[in-house]
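Enquirer: I'm passing along my_file-v2.cif; it holds mmCIF, C-alpha atoms and all ligand atoms.
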data_coords
#
loop_
_atom_site.label_atom_id
_atom_site.label_comp_id
_atom_site.auth_asym_id
_atom_site.auth_seq_id
_atom_site.Cartn_x
_atom_site.Cartn_y
_atom_site.Cartn_z
CA MET A 272 101.54 188.90 -18.05
CA LYS A 273 100.19 192.25 -16.92
CA PHE A 274 98.74 192.52 -13.40
CA PHE A 275 95.66 194.69 -12.99
CA ILE A 276 93.84 195.12 -9.68
CA ASP A 277 90.06 194.75 -9.76
CA THR A 278 88.89 197.32 -7.23
CA ALA A 279 87.90 200.94 -6.73
CA ASN A 280 89.49 201.02 -3.26
CA LEU A 281 92.24 203.67 -3.34
CA ASP A 282 94.23 202.16 -0.44
CA GLU A 283 94.37 198.76 -2.12
CA ILE A 284 95.34 200.33 -5.44
CA ALA A 285 98.11 202.32 -3.70
CA GLU A 286 99.37 199.17 -1.92
CA ALA A 287 99.58 197.20 -5.18
CA GLN A 288 101.23 200.16 -6.93
CA ALA A 289 103.81 200.46 -4.11
CA LEU A 290 104.71 196.79 -4.59
CA GLY A 291 105.96 197.79 -8.05
CA VAL A 292 104.16 195.12 -10.04
CA LEU A 293 100.90 196.84 -10.92
CA ASP A 294 100.11 197.48 -14.59
CA GLY A 295 96.58 198.86 -14.31
CA VAL A 296 93.17 198.90 -12.65
CA THR A 297 89.75 197.59 -13.60
CA THR A 298 86.56 198.85 -12.03
CA ASN A 299 82.88 198.22 -12.57
CA PRO A 300 79.67 199.81 -11.22
CA SER A 301 79.47 197.21 -8.42
CA LEU A 302 83.03 197.95 -7.25
CA MET A 303 82.32 201.71 -7.28
CA ALA A 304 79.14 201.20 -5.25
CA LYS A 305 81.08 199.01 -2.78
CA GLU A 306 83.32 202.01 -2.03
CA GLY A 307 80.28 204.28 -1.65
CA ILE A 308 81.12 206.25 -4.81
CA THR A 309 77.82 207.37 -6.33
CA GLY A 310 76.70 210.15 -8.68
CA GLU A 311 78.35 211.00 -12.00
CA ALA A 312 80.59 213.80 -10.70
CA ASN A 313 81.91 211.69 -7.81
CA ILE A 314 82.49 208.70 -10.06
CA LEU A 315 84.45 210.79 -12.58
CA ALA A 316 86.50 212.38 -9.78
CA HIS A 317 87.25 208.90 -8.42
CA TYR A 318 88.57 207.75 -11.81
CA GLN A 319 90.87 210.80 -11.79
CA LYS A 320 92.20 209.81 -8.36
CA ILE A 321 92.83 206.23 -9.53
CA CYS A 322 94.72 207.51 -12.59
CA GLU A 323 96.91 209.64 -10.32
CA ILE A 324 97.92 206.56 -8.28
CA VAL A 325 98.73 204.09 -11.08
CA ASP A 326 100.86 204.40 -14.21
CA GLY A 327 98.85 201.99 -16.37
CA ASP A 328 95.43 201.53 -17.95
CA VAL A 329 92.29 202.21 -15.90
CA SER A 330 89.07 200.62 -17.16
CA ALA A 331 85.99 202.81 -16.62
CA GLU A 332 82.66 201.17 -17.39
CA VAL A 333 79.71 202.80 -19.15
CA ILE A 334 76.26 202.24 -17.70
CA SER A 335 74.30 202.99 -20.89
CA THR A 336 72.97 200.01 -22.81
CA ASP A 337 72.27 201.78 -26.12
CA PHE A 338 74.86 202.76 -28.76
CA GLU A 339 74.31 206.54 -28.54
CA GLY A 340 74.47 206.52 -24.76
CA MET A 341 77.62 204.38 -24.73
CA VAL A 342 79.33 206.69 -27.25
CA LYS A 343 78.45 209.80 -25.23
CA GLU A 344 79.55 208.28 -21.94
CA GLY A 345 82.64 206.62 -23.41
CA GLU A 346 83.83 209.84 -25.05
CA ALA A 347 83.46 211.70 -21.76
CA LEU A 348 85.36 208.97 -19.91
CA ALA A 349 88.15 208.83 -22.50
CA ALA A 350 88.52 212.63 -22.35
CA LEU A 351 88.95 212.44 -18.58
CA HIS A 352 92.49 211.06 -18.61
CA PRO A 353 94.83 209.43 -21.19
CA GLN A 354 94.99 206.25 -19.05
CA ILE A 355 91.24 205.61 -19.26
CA VAL A 356 90.06 202.58 -21.23
CA VAL A 357 86.32 202.55 -22.04
CA LYS A 358 84.68 199.41 -20.66
CA LEU A 359 81.69 198.18 -22.65
CA PRO A 360 79.31 195.27 -22.04
CA LEU A 361 79.18 192.47 -24.58
CA ILE A 362 75.78 193.19 -26.07
CA ALA A 363 75.02 194.17 -29.67
CA ASP A 364 75.24 197.90 -28.96
CA GLY A 365 78.42 197.33 -26.96
CA ILE A 366 80.03 195.66 -29.97
CA LYS A 367 78.89 198.53 -32.22
CA ALA A 368 80.33 201.03 -29.74
CA CYS A 369 83.56 199.01 -29.56
CA LYS A 370 83.97 199.27 -33.35
CA TYR A 371 83.18 203.00 -33.19
CA PHE A 372 85.81 203.65 -30.50
CA SER A 373 88.35 201.37 -32.12
CA ASP A 374 88.00 203.30 -35.43
CA LYS A 375 88.59 206.52 -33.48
CA GLY A 376 91.69 205.13 -31.71
CA ILE A 377 89.98 205.06 -28.29
CA ARG A 378 90.93 202.00 -26.26
CA THR A 379 88.22 199.60 -25.08
CA ASN A 380 87.68 196.72 -22.70
CA VAL A 381 84.74 194.49 -23.66
CA THR A 382 83.37 192.97 -20.48
CA LEU A 383 80.90 190.32 -19.31
CA VAL A 384 82.36 187.74 -21.70
CA PHE A 385 81.41 184.14 -21.00
CA SER A 386 81.96 182.34 -24.32
CA ALA A 387 84.60 181.99 -27.04
CA GLY A 388 82.10 183.29 -29.62
CA GLN A 389 81.61 186.49 -27.64
CA ALA A 390 85.39 186.91 -27.43
CA LEU A 391 85.67 186.43 -31.21
CA LEU A 392 83.10 189.20 -31.77
CA ALA A 393 84.96 191.56 -29.43
CA ALA A 394 88.23 190.95 -31.29
CA LYS A 395 86.59 191.52 -34.68
CA ALA A 396 85.19 194.82 -33.36
CA GLY A 397 88.76 195.86 -32.49
CA ALA A 398 88.61 195.63 -28.70
CA THR A 399 91.88 196.49 -26.94
CA TYR A 400 91.01 194.08 -24.13
CA VAL A 401 88.43 191.31 -23.76
CA SER A 402 87.36 190.33 -20.23
CA PRO A 403 86.26 186.71 -19.80
CA PHE A 404 84.87 186.18 -16.28
CA LEU A 405 86.65 183.08 -15.14
CA GLY A 406 85.52 182.97 -11.49
CA ARG A 407 81.85 183.44 -12.31
CA LEU A 408 82.00 180.48 -14.72
CA ASP A 409 83.65 178.37 -12.01
CA ASP A 410 80.82 179.47 -9.68
CA ILE A 411 78.29 177.71 -11.92
CA SER A 412 80.41 174.53 -12.26
CA THR A 413 81.76 175.46 -15.71
CA ASP A 414 85.49 175.37 -16.50
CA GLY A 415 86.46 179.04 -16.58
CA LEU A 416 90.10 178.29 -17.40
CA ASN A 417 89.03 176.31 -20.46
CA LEU A 418 87.39 179.47 -21.81
CA ILE A 419 90.68 181.37 -21.41
CA ALA A 420 92.48 178.58 -23.31
CA GLU A 421 89.87 178.59 -26.11
CA ILE A 422 90.16 182.35 -26.55
CA ARG A 423 93.99 182.11 -26.56
CA GLN A 424 93.83 179.53 -29.36
CA ILE A 425 91.34 181.53 -31.45
CA TYR A 426 93.25 184.81 -31.08
CA ASP A 427 96.55 183.10 -31.93
CA ASN A 428 95.02 181.38 -34.99
CA TYR A 429 94.24 184.76 -36.53
CA ALA A 430 96.83 186.97 -34.83
CA PHE A 431 94.14 189.15 -33.25
CA GLU A 432 95.78 191.95 -31.27
CA THR A 433 92.99 192.06 -28.65
CA GLN A 434 94.52 191.27 -25.25
CA ILE A 435 92.92 188.60 -23.08
CA LEU A 436 92.21 190.20 -19.71
CA SER A 437 91.25 187.30 -17.47
CA ALA A 438 88.75 188.75 -15.01
CA SER A 439 86.78 187.56 -12.02
CA ILE A 440 90.02 186.08 -10.69
CA ARG A 441 89.45 184.77 -7.18
CA HIS A 442 92.81 183.41 -5.95
CA THR A 443 96.47 182.87 -6.69
CA MET A 444 95.97 179.56 -8.53
CA HIS A 445 93.77 181.37 -11.06
CA VAL A 446 96.66 183.80 -11.62
CA ILE A 447 99.18 181.01 -12.12
CA ASP A 448 96.88 178.99 -14.40
CA CYS A 449 96.16 182.09 -16.51
CA ALA A 450 99.91 182.70 -16.83
CA LYS A 451 100.42 179.08 -17.97
CA ILE A 452 97.71 179.44 -20.63
CA GLY A 453 99.19 182.71 -21.88
CA SER A 454 96.56 185.23 -20.79
CA ASP A 455 97.89 188.70 -21.58
CA VAL A 456 96.50 190.26 -18.40
CA MET A 457 94.84 189.18 -15.20
CA THR A 458 92.67 191.32 -12.96
CA GLY A 459 91.89 190.27 -9.44
CA PRO A 460 91.64 191.43 -5.84
CA LEU A 461 94.75 192.58 -3.96
CA SER A 462 94.89 189.18 -2.21
CA SER A 463 95.37 187.40 -5.56
CA ILE A 464 98.57 189.44 -6.05
CA THR A 465 99.97 189.51 -2.50
CA GLY A 466 99.11 185.81 -2.09
CA LEU A 467 101.80 185.06 -4.67
CA LEU A 468 104.41 186.22 -2.14
CA LYS A 469 103.59 183.52 0.33
CA HIS A 470 105.57 180.33 0.89
CA PRO A 471 106.38 178.86 4.33
CA LEU A 472 109.86 177.80 3.19
CA THR A 473 110.64 181.44 2.34
CA ASP A 474 109.69 182.50 5.87
CA ILE A 475 111.57 179.61 7.49
CA GLY A 476 114.63 180.20 5.30
CA LEU A 477 114.71 183.93 6.02
CA ALA A 478 114.38 183.38 9.78
CA LYS A 479 117.31 180.94 9.64
CA PHE A 480 119.49 183.32 7.61
CA LEU A 481 118.85 186.13 10.10
CA GLU A 482 119.46 183.84 13.08
CA ASP A 483 122.78 182.64 11.62
CA TYR A 484 123.81 186.22 10.82
CA LYS A 485 123.17 187.21 14.44
CA LYS A 486 125.23 184.26 15.74
CA GLY A 487 128.15 185.16 13.46
CA ASN A 488 128.07 188.85 14.40
CA GLN A 489 127.76 188.68 18.20
O1 LIG B 501 85.57 193.48 -13.03
C1 LIG B 501 84.93 192.37 -13.52
C2 LIG B 501 85.18 191.07 -12.79
O2 LIG B 501 86.53 190.95 -12.47
C3 LIG B 501 84.23 190.79 -11.66
O3 LIG B 501 84.71 189.82 -10.77
O4 LIG B 501 84.63 188.72 -8.58
O5 LIG B 501 82.67 190.13 -9.30
O6 LIG B 501 83.13 187.93 -10.37
P1 LIG B 501 83.74 189.12 -9.71
#
As C-alpha cells, what does this structure read like?
Ligand code: G3P
Expert:
Amino acid sequence: MKFFIDTANLDEIAEAQALGVLDGVTTNPSLMAKEGITGEANILAHYQKICEIVDGDVSAEVISTDFEGMVKEGEALAALHPQIVVKLPLIADGIKACKYFSDKGIRTNVTLVFSAGQALLAAKAGATYVSPFLGRLDDISTDGLNLIAEIRQIYDNYAFETQILSASIRHTMHVIDCAKIGSDVMTGPLSSITGLLKHPLTDIGLAKFLEDYKKGNQ
C-alpha cells in the first residue's frame, strides 16, 4: 500500500519523506488555506516546492466547477511538474474532465467520493486515483471502511486500474484497516504514519537491550 501525506505543510512533508516511506502528497484548497497559501501564483509555487521534497505523486486540486474551467486549470497544473496529478471533484463536469484528461494521458485523482456508485463512475472515466473520504463518513455515523471494501470488490470484479486512495484518514487503525481491505493508497496526516511506529513493548525492549549492553561492556 502506498503512503501519501494529506497536508500542504512543507515541514511535515519533509519529515515523512525523511522517514523513507512516503509515496506522495495530497492537498486540497482547505489544506492550502490552513498553511496561509493564497493567490494563484503562490499556490502554484507551493506545489513546485512540494514536488521538490517528495519523489512521488502530488495531487493538486482545481477550484473550477465547470468543464472548461477544470480543463484550463488542470492543464496548467499538469504542466507545472511531471509529479502533479490533477484532482477533480466528483460532479458531472468533474467526470467529463476526468475522461478528457485520461484520454490525453494526464493523471487524475477524483475526490469527494462518498458512495460506491460515484467510485464506479470515476473508474469508468479513467481516473488514476479515486478518493473515498472514510473519516467524513465515520463522522456522520456511516461505515467508511465498508465503502472502501465495496469499491475494492467492484474494481476487482472488472479489473479497473483506478487506484483506491483512501482519504480522510484520521488515525493508525484506519491505515491498518485500509491495508487489510486492500486499498491501494492511503492519505492521512503525519500522525497517522508516525503513529504506526509506536508500541510500548518496543520501547521497553530497546531500553532493556541497551541496559544489558552497558552492563556487559563496563
Ligand atoms: O484531502 C482530502 C481528505 O483527505 C480530507 O480529509 O480530514 O478533511 O476529512 P479530512
Enquirer: Name the closest residue to ligand LIG 501 (chain B) among the candidates A:Val325, A:Ile411, A:Cys369, A:Leu472; distances are taken between atoms, counting all atoms listed in the file.
Expert: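 Of A:Val325, A:Ile411, A:Cys369, A:Leu472, the one nearest ligand LIG 501 (chain B) is A:Ile411, counting all atoms listed in the file.
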Enquirer: Around ligand LIG 501 (chain B), at most 7 Å away and counting all atoms listed in the file, which residues are there? Put them as a VMD selection string, please.
Expert: chain A and resid 277 297 to 299 404 406 to 407 438 to 441 458 to 459
Enquirer: Output C-alpha atoms of each residue in that selection to a file, as a compact mmCIF listing (two decimals), keeping the file's coordinate frame.
Expert:
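Produced file result-v8.txt, reproduced below:
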# COMPACT_ATOMS: atom_id res chain seq x y z
CA ASP A 277 90.06 194.75 -9.76
CA THR A 297 89.75 197.59 -13.60
CA THR A 298 86.56 198.85 -12.03
CA ASN A 299 82.88 198.22 -12.57
CA PHE A 404 84.87 186.18 -16.28
CA GLY A 406 85.52 182.97 -11.49
CA ARG A 407 81.85 183.44 -12.31
CA ALA A 438 88.75 188.75 -15.01
CA SER A 439 86.78 187.56 -12.02
CA ILE A 440 90.02 186.08 -10.69
CA ARG A 441 89.45 184.77 -7.18
CA THR A 458 92.67 191.32 -12.96
CA GLY A 459 91.89 190.27 -9.44
Enquirer: Using all atoms listed in the file, give me every residue within 12 Å of (100.2, 198.5, -4.9) in file coordinates, as a count of residues only.
Expert: 31
Enquirer: Could you tell me how far atom CA of A:Ile447 lies from atom CA of A:Gly466, in Å and to one decimal?
Expert: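 Straight-line distance from atom CA of A:Ile447 to atom CA of A:Gly466 works out to 11.1 Å.
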Enquirer: Please indicate the distance in Å from atom CA of A:Glu323 to atom CA of A:Glu306, rounded to one decimal place.
Expert: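 Going from atom CA of A:Glu323 over to atom CA of A:Glu306, I get 17.7 Å.
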Enquirer: Nearest to A:Ala430: which of A:Ala279, A:Leu405, A:Leu391, A:Leu477 is it, counting all atoms listed in the file?
Expert: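 Checking each of A:Ala279, A:Leu405, A:Leu391, A:Leu477 against A:Ala430, counting all atoms listed in the file, the winner is A:Leu391.
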Enquirer: Rank nothing, just name the residue among A:Met272, A:Leu467, A:Ala368, A:Ile314 nearest to A:His442, using all atoms listed in the file.
Expert: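 Residue with the minimum atom-to-atom distance to A:His442: A:Leu467.
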Enquirer: Between A:Ala398, A:Val446, A:Met303, A:Leu408, which is the closest to A:Leu361 once you count all atoms listed in the file?
Expert: A:Ala398
Enquirer: If you measure from atom CA of A:Glu344 to atom CA of A:Gly310, what distance in Å do you get, rounded to one decimal?
Expert: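 Distance reported for this atom pair: 13.7 Å.
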Enquirer: Can you tell me which residues surround stretch 420-424 of chain A at a distance of at most 9 Å, considering only C-alpha atoms, apart from same-chain residues fewer than 3 positions away, and format the answer as a list in words?
Expert: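 Near neighbours after the sequence-gap exclusion: Ser386, Ala387, Gly388, Ala390, Leu391, Pro403, Leu416, Asn417, Asp427, Asn428, Tyr429, Ile435, Cys449, Ile452, Gly453 and Ser454 of chain A.
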Enquirer: Neighbouring residues of A:Val381 were defined as those with any atom within 8 Å, considering only C-alpha atoms; residues of the same chain fewer than 3 positions away were excluded. Please report them as a ChimeraX atom specification.
Expert: /A:358-361,365-366,369,384,393,398,400-402
Enquirer: In the coordinates of the file, take the point (88.4, 199.5, -36.5) and a cut-off of 6 Å; then, counting only C-alpha atoms, name each qualifying protein, DNA or RNA residue as a ChimeraX atom specification.
Expert: /A:370,373-374,397
Enquirer: Go ahead and write the residues just picked, C-alpha atoms, as a PDB file, in the coordinates of the input.
Expert:
ATOM      1  CA  LYS A 370      83.970 199.270 -33.350  1.00  0.00           C
ATOM      2  CA  SER A 373      88.350 201.370 -32.120  1.00  0.00           C
ATOM      3  CA  ASP A 374      88.000 203.300 -35.430  1.00  0.00           C
ATOM      4  CA  GLY A 397      88.760 195.860 -32.490  1.00  0.00           C
TER       5      GLY A 397
END
Enquirer: So, counting all atoms listed in the file, which residue among A:Leu436, A:Ile308, A:Leu302, A:Ile425 is closest to A:Lys273?
Expert: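 Counting all atoms listed in the file, the residue closest to A:Lys273 is A:Leu436.
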Enquirer: May I ask which of the residues A:Gly376, A:Ile475, A:Glu432, A:Tyr484 is the closest one to A:Lys395, counting only C-alpha atoms?
Expert: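 Closest candidate: A:Glu432.
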Enquirer: Need to verify the contact set: A:Pro300, 9 Å, only C-alpha atoms, exclusion of same-chain residues closer than 6 positions in sequence. Can you return it as a PyMOL selection string?
Expert: chain A and resi 331-334
Enquirer: Keeping only C-alpha atoms, write the selected residues to a file as a CSV table (one decimal), in the coordinates of the input.
Expert:
chain,number,residue,atom,x,y,z
A,331,ALA,CA,86.0,202.8,-16.6
A,332,GLU,CA,82.7,201.2,-17.4
A,333,VAL,CA,79.7,202.8,-19.2
A,334,ILE,CA,76.3,202.2,-17.7
Enquirer: Can you list, as a VMD selection string, every protein, DNA or RNA residue that comes within 12 Å of A:Gln319 when you count only C-alpha atoms, leaving out same-chain residues fewer than 6 positions away?
Expert: chain A and resid 279 281 312 to 313 325 329 to 331 348 to 355
